[in-house]
file target-v7.cif (mmCIF, C-alpha atoms)
data_upload
#
loop_
_atom_site.label_atom_id
_atom_site.label_comp_id
_atom_site.auth_asym_id
_atom_site.auth_seq_id
_atom_site.Cartn_x
_atom_site.Cartn_y
_atom_site.Cartn_z
CA MET A 100 -32.67 15.17 -16.40
CA ASN A 101 -35.39 13.43 -14.37
CA ILE A 102 -36.72 16.03 -11.88
CA THR A 103 -38.49 14.37 -8.96
CA ARG A 104 -40.79 15.99 -6.42
CA ARG A 105 -38.07 15.58 -3.85
CA LEU A 106 -35.62 17.46 -6.04
CA LEU A 107 -38.15 20.21 -6.75
CA GLY A 108 -38.67 20.60 -3.02
CA LYS A 109 -34.95 21.06 -2.52
CA VAL A 110 -34.78 23.54 -5.39
CA ALA A 111 -37.42 25.60 -3.63
CA LEU A 112 -35.05 26.02 -0.71
CA GLY A 113 -32.97 28.49 -2.73
CA LEU A 114 -31.27 29.24 -6.00
CA ALA A 115 -27.78 28.45 -4.66
CA GLY A 116 -28.88 25.02 -3.52
CA ALA A 117 -30.46 24.41 -6.89
CA THR A 118 -27.24 25.31 -8.68
CA MET A 119 -25.26 22.83 -6.59
CA LEU A 120 -27.75 20.06 -7.25
CA MET A 121 -27.76 20.72 -10.97
CA GLN A 122 -23.95 20.46 -11.16
CA VAL A 123 -23.75 16.85 -10.01
CA PRO A 124 -25.50 15.19 -13.00
CA ALA A 125 -23.61 17.47 -15.37
CA LEU A 126 -20.32 16.25 -14.02
CA ALA A 127 -21.47 12.63 -14.14
CA ALA A 128 -22.64 13.09 -17.73
CA ASP A 129 -19.06 13.94 -18.73
CA ARG A 130 -17.90 10.51 -17.59
CA PRO A 131 -18.04 7.32 -19.66
CA ALA A 132 -20.52 4.56 -18.92
CA PRO A 133 -21.15 3.13 -16.42
CA PHE A 134 -20.06 6.18 -14.38
CA ASP A 135 -22.48 8.52 -16.17
CA LYS A 136 -25.23 7.12 -13.93
CA PRO A 137 -25.39 6.16 -10.26
CA GLY A 138 -25.49 2.55 -9.12
CA VAL A 139 -21.99 1.21 -9.86
CA LYS A 140 -21.05 -1.27 -7.14
CA ILE A 141 -17.50 -2.48 -6.39
CA ALA A 142 -15.89 -4.56 -3.65
CA LEU A 143 -12.53 -4.47 -1.88
CA VAL A 144 -11.54 -7.96 -0.70
CA ARG A 145 -8.69 -7.69 1.81
CA TYR A 146 -6.15 -10.16 3.17
CA LEU A 147 -4.05 -7.79 5.29
CA SER A 148 -5.61 -4.95 7.26
CA THR A 149 -3.51 -4.54 10.41
CA GLY A 150 -1.31 -1.47 10.65
CA ASP A 151 -1.22 2.15 9.54
CA PHE A 152 -0.36 1.33 5.92
CA PHE A 153 -3.54 -0.67 5.38
CA GLN A 154 -5.73 1.86 7.15
CA ALA A 155 -4.35 4.58 4.88
CA TYR A 156 -4.77 2.35 1.82
CA LEU A 157 -8.42 1.84 2.74
CA SER A 158 -8.91 5.59 3.18
CA GLY A 159 -7.58 6.10 -0.35
CA VAL A 160 -9.92 3.46 -1.77
CA GLU A 161 -12.83 5.10 0.02
CA ALA A 162 -11.87 8.61 -1.15
CA GLN A 163 -11.61 7.64 -4.83
CA ALA A 164 -14.79 5.57 -4.67
CA LYS A 165 -16.62 8.54 -3.18
CA ALA A 166 -15.24 10.87 -5.86
CA LEU A 167 -16.53 8.48 -8.53
CA GLY A 168 -19.88 8.08 -6.77
CA VAL A 169 -19.66 4.28 -6.55
CA ASP A 170 -21.04 1.95 -3.89
CA LEU A 171 -18.04 0.36 -2.14
CA ARG A 172 -18.30 -2.86 -0.15
CA VAL A 173 -15.30 -3.81 2.03
CA LEU A 174 -14.75 -7.48 2.88
CA ASP A 175 -11.92 -8.18 5.33
CA SER A 176 -10.57 -11.73 5.76
CA ARG A 177 -8.02 -10.78 8.47
CA GLN A 178 -5.27 -12.97 6.99
CA ASP A 179 -7.48 -16.02 6.51
CA ALA A 180 -6.62 -17.21 3.00
CA ALA A 181 -9.60 -19.55 2.63
CA LEU A 182 -11.99 -16.89 3.90
CA GLN A 183 -10.57 -14.34 1.45
CA ALA A 184 -11.32 -16.71 -1.44
CA ASP A 185 -14.85 -17.20 -0.09
CA MET A 186 -15.25 -13.43 0.12
CA VAL A 187 -14.60 -13.12 -3.60
CA ASP A 188 -17.58 -15.44 -4.09
CA GLN A 189 -19.58 -13.30 -1.65
CA ALA A 190 -18.74 -10.22 -3.72
CA ILE A 191 -19.89 -12.02 -6.87
CA ALA A 192 -23.17 -12.91 -5.13
CA LEU A 193 -23.63 -9.25 -4.12
CA GLY A 194 -23.74 -8.36 -7.80
CA VAL A 195 -20.70 -6.09 -7.87
CA GLN A 196 -19.34 -4.97 -11.22
CA GLY A 197 -15.74 -4.77 -10.08
CA ILE A 198 -13.47 -6.26 -7.41
CA ILE A 199 -10.14 -5.11 -5.94
CA ILE A 200 -8.20 -8.01 -4.44
CA GLN A 201 -5.80 -6.58 -1.85
CA HIS A 202 -2.88 -8.85 -0.90
CA GLY A 203 -3.31 -12.57 -0.33
CA LEU A 204 -1.72 -15.82 -1.43
CA THR A 205 -1.46 -16.83 -5.07
CA GLU A 206 -2.56 -20.40 -4.42
CA SER A 207 -5.77 -19.35 -2.70
CA MET A 208 -6.66 -16.33 -4.84
CA LYS A 209 -5.82 -17.52 -8.35
CA ASP A 210 -8.96 -19.63 -8.80
CA ALA A 211 -11.16 -17.17 -6.90
CA ALA A 212 -10.07 -14.33 -9.16
CA GLN A 213 -10.78 -16.47 -12.24
CA ARG A 214 -14.29 -17.19 -10.95
CA ALA A 215 -14.93 -13.45 -10.79
CA VAL A 216 -13.63 -12.95 -14.33
CA ASP A 217 -15.79 -15.85 -15.54
CA ALA A 218 -18.79 -14.11 -13.95
CA GLY A 219 -18.12 -11.04 -16.12
CA ILE A 220 -16.69 -8.97 -13.25
CA LYS A 221 -13.70 -6.69 -13.74
CA VAL A 222 -10.87 -7.39 -11.31
CA VAL A 223 -7.62 -5.69 -10.31
CA ALA A 224 -5.12 -7.06 -7.79
CA PHE A 225 -2.92 -5.07 -5.43
CA ASP A 226 0.23 -6.81 -4.18
CA VAL A 227 -0.98 -10.33 -4.93
CA ASN A 228 -0.06 -12.22 -8.09
CA VAL A 229 -3.19 -13.99 -9.29
CA GLU A 230 -1.40 -15.14 -12.47
CA ASN A 231 -4.10 -13.86 -14.81
CA PRO A 232 -3.39 -11.78 -17.93
CA LYS A 233 -6.87 -10.25 -17.73
CA ILE A 234 -6.25 -8.84 -14.26
CA PRO A 235 -4.07 -5.71 -13.91
CA GLN A 236 -1.52 -5.83 -11.11
CA ILE A 237 -1.30 -2.70 -8.95
CA GLU A 238 2.23 -2.42 -7.59
CA GLN A 239 4.28 -0.04 -5.49
CA SER A 240 7.34 -0.87 -7.58
CA ASP A 241 8.48 -3.10 -4.74
CA ARG A 242 11.88 -3.71 -6.29
CA ASP A 243 12.46 0.06 -6.34
CA LEU A 244 11.27 0.36 -2.75
CA ALA A 245 13.89 -2.17 -1.67
CA ARG A 246 16.54 -0.69 -3.97
CA LEU A 247 16.14 2.85 -2.62
CA ALA A 248 16.30 1.71 1.01
CA LEU A 249 19.30 -0.55 0.41
CA GLU A 250 21.20 2.06 -1.60
CA GLN A 251 20.82 4.36 1.40
CA ALA A 252 22.05 1.57 3.69
CA VAL A 253 25.18 1.23 1.55
CA THR A 254 25.64 5.01 1.49
CA ASP A 255 25.38 5.17 5.29
CA ASN A 256 27.33 2.04 6.19
CA GLY A 257 29.64 1.21 3.27
CA ASP A 258 29.40 -2.07 1.40
CA SER A 259 30.56 -4.39 4.20
CA TRP A 260 28.29 -5.01 7.19
CA THR A 261 26.59 -7.73 9.19
CA ALA A 262 22.85 -7.81 8.58
CA GLY A 263 19.65 -9.18 9.98
CA TYR A 264 16.75 -9.55 7.54
CA VAL A 265 13.02 -9.72 8.18
CA TYR A 266 11.12 -11.70 5.52
CA VAL A 267 8.02 -13.86 5.11
CA ALA A 268 7.88 -15.78 1.85
CA GLY A 269 4.71 -16.16 -0.23
CA ILE A 270 3.53 -12.55 0.00
CA ALA A 271 3.97 -10.97 -3.45
CA PRO A 272 5.38 -7.55 -2.39
CA LEU A 273 7.77 -9.15 0.09
CA ASP A 274 8.89 -11.68 -2.52
CA ARG A 275 9.63 -8.87 -4.99
CA ARG A 276 11.55 -6.92 -2.33
CA ASN A 277 13.47 -10.08 -1.52
CA GLU A 278 14.63 -10.36 -5.14
CA THR A 279 16.29 -6.96 -4.79
CA TRP A 280 17.86 -7.93 -1.46
CA VAL A 281 19.36 -11.03 -3.11
CA ASP A 282 20.72 -8.91 -5.97
CA VAL A 283 22.23 -6.32 -3.60
CA LYS A 284 24.03 -9.04 -1.63
CA LYS A 285 25.48 -10.41 -4.87
CA LYS A 286 26.68 -6.94 -5.85
CA HIS A 287 28.06 -6.09 -2.41
CA THR A 288 29.68 -9.32 -1.27
CA GLY A 289 30.79 -7.71 1.98
CA ILE A 290 27.19 -7.77 3.24
CA ASN A 291 26.88 -10.75 5.56
CA GLU A 292 23.33 -11.84 6.36
CA VAL A 293 23.58 -13.73 9.66
CA ALA A 294 19.87 -14.03 10.46
CA MET A 295 16.58 -14.22 8.55
CA PHE A 296 13.35 -14.13 10.51
CA GLY A 297 9.80 -12.83 10.29
CA THR A 298 6.13 -13.47 10.94
CA LEU A 299 2.74 -12.05 10.01
CA ASP A 300 1.12 -13.17 13.26
CA ASN A 301 -1.00 -10.39 14.79
CA PRO A 302 -0.04 -8.01 16.22
CA ILE A 303 2.74 -8.11 13.65
CA ALA A 304 5.10 -5.56 15.24
CA ASN A 305 5.01 -7.25 18.64
CA SER A 306 5.44 -10.72 17.13
CA VAL A 307 8.47 -9.56 15.12
CA ALA A 308 9.88 -7.84 18.22
CA ASN A 309 9.82 -11.18 20.06
CA GLN A 310 11.85 -12.76 17.27
CA ALA A 311 14.23 -9.80 16.98
CA ARG A 312 15.11 -9.99 20.67
CA SER A 313 16.43 -13.51 20.18
CA VAL A 314 18.24 -12.58 16.95
CA LEU A 315 20.01 -9.61 18.54
CA SER A 316 21.01 -11.72 21.53
CA ALA A 317 22.46 -14.43 19.28
CA HIS A 318 24.11 -11.97 16.87
CA PRO A 319 25.33 -8.88 18.77
CA ASP A 320 27.50 -7.96 15.78
CA ILE A 321 24.51 -7.02 13.59
CA LYS A 322 24.91 -3.45 12.31
CA VAL A 323 22.01 -3.21 9.85
CA MET A 324 18.48 -4.56 9.98
CA PHE A 325 16.67 -4.67 6.65
CA ALA A 326 12.96 -4.81 7.45
CA PRO A 327 11.11 -4.04 4.19
CA TYR A 328 7.64 -3.52 5.71
CA ASP A 329 6.99 -0.90 8.34
CA GLU A 330 5.30 -3.26 10.81
CA PHE A 331 8.49 -5.36 10.63
CA ALA A 332 10.59 -2.25 11.22
CA LYS A 333 8.48 -1.25 14.23
CA GLY A 334 9.05 -4.68 15.76
CA VAL A 335 12.80 -4.54 15.17
CA LYS A 336 12.95 -1.05 16.68
CA ILE A 337 11.20 -2.25 19.84
CA ALA A 338 13.84 -4.96 20.29
CA VAL A 339 16.76 -2.66 19.41
CA ASP A 340 15.60 -0.02 21.89
CA GLU A 341 15.08 -2.57 24.65
CA ALA A 342 18.61 -3.90 24.09
CA GLY A 343 20.06 -0.38 24.20
CA LEU A 344 21.47 -0.83 20.68
CA ASN A 345 19.82 2.17 19.04
CA LYS A 346 23.23 3.78 18.37
CA ALA A 347 24.82 0.54 17.18
CA VAL A 348 22.14 -0.75 14.76
CA LYS A 349 20.47 1.01 11.85
CA ILE A 350 17.09 -0.01 10.44
CA TYR A 351 16.07 0.36 6.78
CA SER A 352 12.51 -0.31 5.73
CA ALA A 353 9.70 0.17 3.27
CA ASP A 354 6.38 2.00 3.74
CA ILE A 355 5.55 5.02 5.91
CA SER A 356 2.89 6.32 8.29
CA THR A 357 2.53 9.10 10.85
CA SER A 358 3.55 6.75 13.65
CA ASP A 359 6.56 5.63 11.58
CA ILE A 360 7.59 9.27 11.14
CA ALA A 361 7.38 9.83 14.89
CA ALA A 362 9.51 6.73 15.51
CA MET A 363 12.14 7.83 12.98
CA ARG A 364 12.31 11.35 14.48
CA GLU A 365 13.00 10.15 18.02
CA PRO A 366 16.41 11.24 19.38
CA ASP A 367 19.07 8.67 18.38
CA SER A 368 16.44 6.54 16.62
CA ALA A 369 17.84 3.45 14.93
CA TRP A 370 15.33 3.80 12.09
CA ALA A 371 17.49 5.54 9.49
CA ALA A 372 15.47 5.46 6.27
CA THR A 373 12.48 4.04 4.48
CA ALA A 374 11.25 3.99 0.90
CA ALA A 375 7.55 4.44 0.40
CA THR A 376 4.61 5.29 -1.71
CA ASN A 377 1.67 7.08 -0.17
CA PRO A 378 -0.64 4.18 0.77
CA ALA A 379 -3.70 6.40 0.34
CA VAL A 380 -2.56 7.21 -3.20
CA VAL A 381 -2.04 3.51 -3.92
CA GLY A 382 -5.62 2.92 -2.77
CA GLN A 383 -6.83 5.65 -5.10
CA VAL A 384 -4.87 4.19 -8.02
CA SER A 385 -6.38 0.75 -7.33
CA VAL A 386 -9.90 2.16 -7.70
CA ARG A 387 -8.95 4.22 -10.76
CA ALA A 388 -7.47 1.23 -12.57
CA LEU A 389 -10.63 -0.76 -11.84
CA ALA A 390 -12.77 2.16 -13.03
CA GLN A 391 -10.84 2.27 -16.30
CA LEU A 392 -11.56 -1.42 -16.86
CA LEU A 393 -15.25 -0.84 -16.18
CA ALA A 394 -15.22 2.03 -18.68
CA GLY A 395 -13.69 -0.19 -21.34
CA GLU A 396 -10.23 1.37 -21.06
CA ASP A 397 -6.89 -0.40 -20.57
CA PRO A 398 -4.84 0.77 -17.58
CA GLY A 399 -2.08 -1.67 -18.54
CA HIS A 400 -1.24 -4.99 -16.95
CA ASN A 401 1.29 -3.56 -14.48
CA VAL A 402 0.07 -0.34 -12.89
CA ILE A 403 3.08 0.95 -10.98
CA VAL A 404 3.09 3.71 -8.37
CA PRO A 405 6.63 5.17 -8.04
CA PRO A 406 8.21 5.29 -4.55
CA THR A 407 10.10 8.02 -2.68
CA LEU A 408 13.14 7.66 -0.41
CA ILE A 409 12.53 9.21 3.01
CA THR A 410 15.46 9.57 5.41
CA GLN A 411 15.50 10.37 9.10
CA LYS A 412 17.64 13.45 8.34
CA GLU A 413 15.12 14.75 5.81
CA LEU A 414 12.23 14.35 8.24
CA ILE A 415 14.10 16.37 10.86
CA ASP A 416 15.58 19.00 8.52
CA LYS A 417 12.19 19.69 6.87
CA ASP A 418 10.29 19.40 10.15
CA ILE A 419 8.02 16.67 8.79
CA LYS A 420 5.93 15.33 11.66
CA ASN A 421 3.05 13.50 9.96
CA MET A 422 1.68 12.28 6.64
CA GLU A 423 0.11 15.66 5.93
CA ASP A 424 3.50 17.36 6.29
CA LEU A 425 5.07 14.69 4.11
CA SER A 426 2.59 15.30 1.30
CA ALA A 427 2.95 19.08 1.62
CA LYS A 428 6.74 19.16 1.73
CA LEU A 429 7.34 16.28 -0.71
CA PRO A 430 4.74 16.99 -3.44
CA GLN A 431 5.69 13.85 -5.40
CA PHE A 432 4.35 11.87 -2.44
CA ALA A 433 0.90 13.52 -2.44
CA HIS A 434 -0.41 12.36 -5.82
CA ALA A 435 0.56 9.88 -8.51
CA ASP A 436 -0.50 10.70 -12.04
CA VAL A 437 -1.18 7.01 -12.65
CA ALA A 438 -4.40 5.56 -14.11
CA MET A 439 -5.63 9.15 -14.42
CA PRO A 440 -7.55 9.75 -17.68
CA ALA A 441 -9.04 13.21 -18.22
CA TRP A 442 -12.51 12.17 -17.05
CA MET A 443 -11.29 10.69 -13.74
CA PRO A 444 -12.12 12.81 -10.65
CA ASN A 445 -9.14 13.58 -8.42
CA PRO A 446 -10.09 13.24 -4.73
CA ASN A 447 -7.04 15.32 -3.80
CA ALA A 448 -8.09 18.35 -5.84
CA LYS A 449 -8.63 21.44 -3.73
#
call {"tool": "encode", "arguments": {"input": "target-v7.cif", "output": "structure tokens"}}
result
Amino acid sequence: MNITRRLLGKVALGLAGATMLMQVPALAADRPAPFDKPGVKIALVRYLSTGDFFQAYLSGVEAQAKALGVDLRVLDSRQDAALQADMVDQAIALGVQGIIIQHGLTESMKDAAQRAVDAGIKVVAFDVNVENPKIPQIEQSDRDLARLALEQAVTDNGDSWTAGYVYVAGIAPLDRRNETWVDVKKKHTGINEVAMFGTLDNPIANSVANQARSVLSAHPDIKVMFAPYDEFAKGVKIAVDEAGLNKAVKIYSADISTSDIAAMREPDSAWAATAATNPAVVGQVSVRALAQLLAGEDPGHNVIVPPTLITQKELIDKDIKNMEDLSAKLPQFAHADVAMPAWMPNPNAK
């Protein structure tokens, strides 16, 4: 251990302080290279960042990066596909050893991701298909998210109902959720989709609400809204509430946040159920999978975080009011034992 004058000065402050300082290198020494020494630098290159899900995802990335002792740089393109590709090049120029690509469009990110790989940088991708066998794909098991929500919709409403559907093509997680929606409609031929709409224009919830108002006016017979992204569901709920249809329409979604929980718990809320992973845990898994690559380990090409069905009834019966309650009362939601080798620090450990 290299003992500097600065460290000796801190040791002189007291034996307890010295013990704490001495523990840090010992822990780092138990980790594989390059995490046995400080100085590892990684970047998170984001396409989507608006909404509670993405804020929680970022908090998870930050927590796991801190636990590993790495230098994290966050580059946010705010849904500008060309800028996101440029930001991958910026990350390369910064000299990072690893990059997490978070969402984006395949056509804009495929070549950018390859440039990073060609530069010797390890890359993982969350919810964007960069069509590269060398790049692990972090997924929420989007097909299962949609399946769980839609199975609950069938349980609640039978297998014959008129539906509105919120969808934007070209976004990998939404495309995967759409595949399940198509399959469910084939299986339950009594489901009649009378309207498909959707937008990712900011603010997303308000933009979707504007569309949903017109859809509900044109199709007053809609009984179920499938909105497999919580910002979509928020927008639909705004329009349903304004139309006074909260007892006539039920909303089924994907993803969860504290504000979503509050909206689902409202008296006579139309938002009946959602299927979700903990976005903070997904952020942690993204960093862990990248760390495994940097350590020469293989996390697998598809790193899947399993989802949980969360119903309005369960939130009320278990008195779940926020994400902290959700993690405490649904332990499977608090941590995913995914990309978790023995040497990996757990930021959730008490």
call {"tool": "closest_residue", "arguments": {"input": "target-v7.cif", "among": "A:Ala375, A:Val386, A:Ile321, A:Met422", "to": "A:Ala142", "atoms": "only C-alpha atoms"}}
result
A:Val386
call {"tool": "residues_around", "arguments": {"input": "target-v7.cif", "residues": "stretch 264-277 of chain A", "least_positions_apart": "6", "cutoff": "6 Å", "atoms": "only C-alpha atoms", "output": "mmCIF file with C-alpha atoms, keeping the file's coordinate frame"}}
result
data_model
loop_
_atom_site.group_PDB
_atom_site.id
_atom_site.type_symbol
_atom_site.label_atom_id
_atom_site.label_comp_id
_atom_site.auth_asym_id
_atom_site.auth_seq_id
_atom_site.Cartn_x
_atom_site.Cartn_y
_atom_site.Cartn_z
ATOM 1 C CA ASP A 226 0.230 -6.810 -4.180
ATOM 2 C CA VAL A 227 -0.980 -10.330 -4.930
ATOM 3 C CA ASP A 241 8.480 -3.100 -4.740
ATOM 4 C CA ARG A 242 11.880 -3.710 -6.290
ATOM 5 C CA ALA A 245 13.890 -2.170 -1.670
ATOM 6 C CA MET A 295 16.580 -14.220 8.550
ATOM 7 C CA PHE A 296 13.350 -14.130 10.510
ATOM 8 C CA GLY A 297 9.800 -12.830 10.290
ATOM 9 C CA MET A 324 18.480 -4.560 9.980
ATOM 10 C CA PHE A 325 16.670 -4.670 6.650
ATOM 11 C CA ALA A 326 12.960 -4.810 7.450
#
call {"tool": "residues_near_point", "arguments": {"input": "target-v7.cif", "point": "(-3.0, -14.0, -6.4)", "cutoff": "6 Å", "atoms": "only C-alpha atoms", "output": "list in words"}}
result
Leu204, Thr205, Met208, Lys209, Val227, Asn228 and Val229 of chain A
call {"tool": "residues_near_point", "arguments": {"input": "target-v7.cif", "point": "(-24.4, -8.6, -8.3)", "cutoff": "12 Å", "atoms": "all atoms listed in the file", "output": "MDAnalysis selection string"}}
result
chainID A and resid 138:142 170 172 187:198 215 218:220
call {"tool": "residues_around", "arguments": {"input": "target-v7.cif", "residues": "A:Arg387", "least_positions_apart": "6", "cutoff": "12 Å", "atoms": "all atoms listed in the file", "output": "JSON, numbers by chain"}}
result
{"A": [134, 141, 159, 160, 161, 162, 163, 164, 165, 166, 167, 169, 197, 198, 199, 222, 223, 235, 237, 380, 381, 393, 394, 396, 397, 398, 399, 402, 435, 436, 437, 438, 439, 440, 441, 442, 443, 444, 445, 446]}
call {"tool": "write_last_selection", "arguments": {"input": "target-v7.cif", "atoms": "C-alpha atoms", "output": "JSON list (two decimals), in the coordinates of the input"}}
result
[["chain", "number", "residue", "atom", "x", "y", "z"],
["A", 134, "PHE", "CA", -20.06, 6.18, -14.38],
["A", 141, "ILE", "CA", -17.50, -2.48, -6.39],
["A", 159, "GLY", "CA", -7.58, 6.10, -0.35],
["A", 160, "VAL", "CA", -9.92, 3.46, -1.77],
["A", 161, "GLU", "CA", -12.83, 5.10, 0.02],
["A", 162, "ALA", "CA", -11.87, 8.61, -1.15],
["A", 163, "GLN", "CA", -11.61, 7.64, -4.83],
["A", 164, "ALA", "CA", -14.79, 5.57, -4.67],
["A", 165, "LYS", "CA", -16.62, 8.54, -3.18],
["A", 166, "ALA", "CA", -15.24, 10.87, -5.86],
["A", 167, "LEU", "CA", -16.53, 8.48, -8.53],
["A", 169, "VAL", "CA", -19.66, 4.28, -6.55],
["A", 197, "GLY", "CA", -15.74, -4.77, -10.08],
["A", 198, "ILE", "CA", -13.47, -6.26, -7.41],
["A", 199, "ILE", "CA", -10.14, -5.11, -5.94],
["A", 222, "VAL", "CA", -10.87, -7.39, -11.31],
["A", 223, "VAL", "CA", -7.62, -5.69, -10.31],
["A", 235, "PRO", "CA", -4.07, -5.71, -13.91],
["A", 237, "ILE", "CA", -1.30, -2.70, -8.95],
["A", 380, "VAL", "CA", -2.56, 7.21, -3.20],
["A", 381, "VAL", "CA", -2.04, 3.51, -3.92],
["A", 393, "LEU", "CA", -15.25, -0.84, -16.18],
["A", 394, "ALA", "CA", -15.22, 2.03, -18.68],
["A", 396, "GLU", "CA", -10.23, 1.37, -21.06],
["A", 397, "ASP", "CA", -6.89, -0.40, -20.57],
["A", 398, "PRO", "CA", -4.84, 0.77, -17.58],
["A", 399, "GLY", "CA", -2.08, -1.67, -18.54],
["A", 402, "VAL", "CA", 0.07, -0.34, -12.89],
["A", 435, "ALA", "CA", 0.56, 9.88, -8.51],
["A", 436, "ASP", "CA", -0.50, 10.70, -12.04],
["A", 437, "VAL", "CA", -1.18, 7.01, -12.65],
["A", 438, "ALA", "CA", -4.40, 5.56, -14.11],
["A", 439, "MET", "CA", -5.63, 9.15, -14.42],
["A", 440, "PRO", "CA", -7.55, 9.75, -17.68],
["A", 441, "ALA", "CA", -9.04, 13.21, -18.22],
["A", 442, "TRP", "CA", -12.51, 12.17, -17.05],
["A", 443, "MET", "CA", -11.29, 10.69, -13.74],
["A", 444, "PRO", "CA", -12.12, 12.81, -10.65],
["A", 445, "ASN", "CA", -9.14, 13.58, -8.42],
["A", 446, "PRO", "CA", -10.09, 13.24, -4.73]]
call {"tool": "residues_around", "arguments": {"input": "target-v7.cif", "residues": "A:Phe225", "least_positions_apart": "5", "cutoff": "6 Å", "atoms": "all atoms listed in the file", "output": "ChimeraX atom specification"}}
result
/A:201-202,236-237
call {"tool": "resolve_selection", "arguments": {"input": "target-v7.cif", "expression": "the PyMOL selection byres ((chain A and resi 316) around 12)", "output": "PyMOL selection string"}}
result
chain A and resi 263+294+309-315+317-321+338-339+341-344
call {"tool": "atom_distance", "arguments": {"input": "target-v7.cif", "atom1": "atom CA of A:Ala374", "atom2": "atom CA of A:His400"}}
result
23.6 Å
call {"tool": "closest_residue", "arguments": {"input": "target-v7.cif", "among": "A:Val253, A:Ile234, A:Ala155, A:Ala262", "to": "A:Glu423", "atoms": "all atoms listed in the file"}}
result
A:Ala155
call {"tool": "residues_around", "arguments": {"input": "target-v7.cif", "residues": "A:Leu157", "least_positions_apart": "3", "cutoff": "9 Å", "atoms": "all atoms listed in the file", "output": "list of chain:residue names"}}
result
A:Leu143, A:Ser148, A:Phe152, A:Phe153, A:Gln154, A:Val160, A:Glu161, A:Ala162, A:Val173, A:Pro378, A:Ala379, A:Gly382, A:Gln383
call {"tool": "atom_distance", "arguments": {"input": "target-v7.cif", "atom1": "atom CA of A:Ser176", "atom2": "atom CA of A:Lys336"}}
result
28.0 Å
call {"tool": "resolve_selection", "arguments": {"input": "target-v7.cif", "expression": "the PyMOL selection byres ((chain A and resi 369) around 7)", "output": "PyMOL selection string"}}
result
chain A and resi 336+345-346+348-350+367-368+370-371
